[in-house]
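Raw contents of query.cif, mmCIF, C-alpha atoms:
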data_data
#
loop_
_atom_site.label_atom_id
_atom_site.label_comp_id
_atom_site.auth_asym_id
_atom_site.auth_seq_id
_atom_site.Cartn_x
_atom_site.Cartn_y
_atom_site.Cartn_z
CA MET E 1175 17.33 15.72 51.71
CA LEU E 1176 18.69 17.13 54.91
CA GLU E 1177 16.33 17.46 57.81
CA GLY E 1178 17.71 20.83 58.91
CA LYS E 1179 15.81 23.99 58.18
CA ALA E 1180 17.46 26.95 56.49
CA ILE E 1181 17.44 30.29 58.28
CA ILE E 1182 17.31 33.29 55.97
CA LYS E 1183 19.46 36.10 57.31
CA GLU E 1184 18.96 38.63 54.51
CA THR E 1185 17.41 38.60 51.04
CA ASP E 1186 15.77 40.65 48.33
CA MET E 1187 14.91 37.61 46.15
CA ALA E 1188 11.41 36.59 45.18
CA VAL E 1189 10.09 33.77 47.37
CA LYS E 1190 10.24 31.25 44.50
CA MET E 1191 13.97 31.93 44.02
CA GLN E 1192 14.56 31.74 47.78
CA VAL E 1193 13.00 28.29 47.86
CA GLN E 1194 15.15 27.23 44.90
CA ALA E 1195 18.30 28.55 46.59
CA MET E 1196 17.63 26.57 49.75
CA ALA E 1197 16.67 23.44 47.78
CA SER E 1198 19.88 23.68 45.72
CA ALA E 1199 21.94 24.07 48.89
CA SER E 1200 20.24 21.08 50.50
CA GLN E 1201 20.80 18.98 47.39
CA ALA E 1202 24.48 19.99 47.26
CA LEU E 1203 24.91 19.01 50.91
CA ASP E 1204 23.44 15.61 50.10
CA LEU E 1205 25.92 15.18 47.23
CA TYR E 1206 29.12 16.57 48.78
CA ASP E 1207 30.86 16.43 52.12
CA VAL E 1208 30.17 19.50 54.26
CA SER E 1209 33.91 20.32 54.19
CA ASP E 1210 33.91 20.52 50.36
CA CYS E 1211 32.62 24.10 50.16
CA ILE E 1212 34.01 24.63 46.66
CA SER E 1213 32.01 21.74 45.16
CA ILE E 1214 28.90 22.82 47.08
CA ALA E 1215 29.21 26.41 45.80
CA ALA E 1216 29.91 25.23 42.24
CA HIS E 1217 26.83 23.00 42.29
CA ILE E 1218 24.58 25.86 43.41
CA LYS E 1219 26.11 28.35 40.94
CA LYS E 1220 25.63 25.95 38.02
CA GLU E 1221 22.00 25.32 39.02
CA PHE E 1222 21.27 29.06 39.16
CA ASP E 1223 23.11 29.75 35.89
CA LYS E 1224 21.00 27.04 34.23
CA MET E 1225 17.69 28.24 35.69
CA TYR E 1226 18.13 32.03 35.72
CA GLY E 1227 20.88 32.83 33.19
CA CYS E 1228 24.64 33.17 33.55
CA GLY E 1229 26.46 35.42 35.98
CA TRP E 1230 25.53 33.98 39.40
CA GLN E 1231 28.02 33.92 42.26
CA CYS E 1232 27.97 31.64 45.30
CA VAL E 1233 30.00 31.73 48.50
CA VAL E 1234 29.76 28.88 51.02
CA GLY E 1235 31.52 28.62 54.35
CA SER E 1236 31.32 28.94 58.09
CA SER E 1237 33.18 32.21 58.59
CA PHE E 1238 33.57 34.82 55.88
CA GLY E 1239 33.11 38.50 55.28
CA CYS E 1240 32.12 40.11 52.03
CA PHE E 1241 31.24 43.36 50.35
CA PHE E 1242 29.70 43.33 46.88
CA THR E 1243 27.20 44.89 44.50
CA HIS E 1244 24.34 42.78 43.21
CA ALA E 1245 21.51 43.06 40.72
CA GLN E 1246 18.27 43.99 42.44
CA GLY E 1247 16.18 40.94 43.38
CA THR E 1248 19.04 38.44 43.17
CA PHE E 1249 20.55 38.31 46.66
CA ILE E 1250 20.12 35.79 49.46
CA TYR E 1251 22.18 35.03 52.55
CA PHE E 1252 21.10 32.06 54.65
CA ALA E 1253 22.35 29.39 57.01
CA LEU E 1254 21.75 25.67 56.57
CA GLU E 1255 23.24 23.06 58.88
CA THR E 1256 26.72 24.36 59.84
CA LEU E 1257 27.28 26.50 56.74
CA ASP E 1258 26.36 29.97 55.53
CA PHE E 1259 25.35 30.50 51.90
CA LEU E 1260 25.60 33.73 49.92
CA ILE E 1261 24.10 33.68 46.42
CA PHE E 1262 23.81 36.72 44.16
CA LYS E 1263 24.03 37.88 40.59
CA ALA E 1264 26.35 40.73 39.71
CA PRO E 1265 24.71 43.71 38.05
CA SER E 1266 25.12 43.86 34.31
CA SER E 1267 27.38 46.65 33.26
CA SER E 1268 26.38 48.77 30.32
CA SER E 1269 28.97 50.84 28.58
CA THR E 1270 27.83 53.93 26.74
#
Written as structure tokens, how would this file's structure read?
Amino acid sequence: MLEGKAIIKETDMAVKMQVQAMASASQALDLYDVSDCISIAAHIKKEFDKMYGCGWQCVVGSSFGCFFTHAQGTFIYFALETLDFLIFKAPSSSST
């Protein structure tokens, strides 16, 4: 595992999920080159889909902007090493 410590910038996730998000990111950085942001993001997304159900989104990079809606309790934005990580689940839409 990487020695660096993650810095949470913003979140509304439960602590247990936050720890899982940072552990998944660290594991992905051990498996993939830091420049392979797509594989890193895919790894994290698949882990969260498996653990918490489908519909998770993950953005990884060093410079990005975003604007999105997320399901309450499913958002985290943190930095680890030289990358920023944004993980969230889109709200489920219900049609009436």
field: region 1188-1192 of chain E surroundings by only C-alpha atoms, 9 Å radius, close-in-sequence under 6 positions cut, as a PyMOL selection string
entry: chain E and resi 1182+1247-1250
statement: Using only C-alpha atoms, the shortest atom-to-atom distance to Ser1236 (chain E) among E:Asp1258, E:Ala1253, E:Ala1180, E:Phe1222 belongs to E:Asp1258
statement: From CA of Ser1266 (chain E) to CA of Gln1201 (chain E) the spacing works out at 28.4 Å
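The shortest atom-to-atom distance to Ile1218 (chain E), with all atoms listed in the file taken into account, belongs to E:Ile1261 out of E:Leu1254, E:Ile1261, E:Met1187, E:Leu1205.
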Can you list what the PyMOL selection byres ((chain E and resi 1211) around 12) grabs from this structure, as a PDB file with C-alpha atoms, keeping the file's coordinate frame?
ATOM      1  CA  ALA E1199      21.940  24.070  48.890  1.00  0.00           C
ATOM      2  CA  ALA E1202      24.480  19.990  47.260  1.00  0.00           C
ATOM      3  CA  LEU E1203      24.910  19.010  50.910  1.00  0.00           C
ATOM      4  CA  LEU E1205      25.920  15.180  47.230  1.00  0.00           C
ATOM      5  CA  TYR E1206      29.120  16.570  48.780  1.00  0.00           C
ATOM      6  CA  ASP E1207      30.860  16.430  52.120  1.00  0.00           C
ATOM      7  CA  VAL E1208      30.170  19.500  54.260  1.00  0.00           C
ATOM      8  CA  SER E1209      33.910  20.320  54.190  1.00  0.00           C
ATOM      9  CA  ASP E1210      33.910  20.520  50.360  1.00  0.00           C
ATOM     10  CA  ILE E1212      34.010  24.630  46.660  1.00  0.00           C
ATOM     11  CA  SER E1213      32.010  21.740  45.160  1.00  0.00           C
ATOM     12  CA  ILE E1214      28.900  22.820  47.080  1.00  0.00           C
ATOM     13  CA  ALA E1215      29.210  26.410  45.800  1.00  0.00           C
ATOM     14  CA  ALA E1216      29.910  25.230  42.240  1.00  0.00           C
ATOM     15  CA  HIS E1217      26.830  23.000  42.290  1.00  0.00           C
ATOM     16  CA  ILE E1218      24.580  25.860  43.410  1.00  0.00           C
ATOM     17  CA  CYS E1232      27.970  31.640  45.300  1.00  0.00           C
ATOM     18  CA  VAL E1233      30.000  31.730  48.500  1.00  0.00           C
ATOM     19  CA  VAL E1234      29.760  28.880  51.020  1.00  0.00           C
ATOM     20  CA  GLY E1235      31.520  28.620  54.350  1.00  0.00           C
ATOM     21  CA  SER E1236      31.320  28.940  58.090  1.00  0.00           C
ATOM     22  CA  SER E1237      33.180  32.210  58.590  1.00  0.00           C
ATOM     23  CA  THR E1256      26.720  24.360  59.840  1.00  0.00           C
ATOM     24  CA  LEU E1257      27.280  26.500  56.740  1.00  0.00           C
ATOM     25  CA  ASP E1258      26.360  29.970  55.530  1.00  0.00           C
ATOM     26  CA  PHE E1259      25.350  30.500  51.900  1.00  0.00           C
ATOM     27  CA  LEU E1260      25.600  33.730  49.920  1.00  0.00           C
TER      28      LEU E1260
END
field: Distance in Å - CA of Pro1265 (chain E) versus CA of Gln1246 (chain E)
entry: 7.8 Å
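Note that the spacing between CA of Ser1200 (chain E) and CA of Met1225 (chain E) amounts to 16.6 Å.
The shortest atom-to-atom distance to Asp1223 (chain E), with all atoms listed in the file taken into account, belongs to E:Phe1262 out of E:Cys1240, E:Phe1262, E:Lys1179, E:Glu1255.
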- prompt: Between E:Thr1185, E:Lys1263, E:Tyr1251, E:Ala1195, which one has atoms that come closest to Glu1221 (chain E), using all atoms listed in the file?
  reply: E:Ala1195
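With all atoms listed in the file as the atoms that count, the minimum distance from Gly1227 (chain E) to the choices E:Asp1204, E:Gly1239, E:Ala1264, E:Glu1184 is reached by E:Ala1264.
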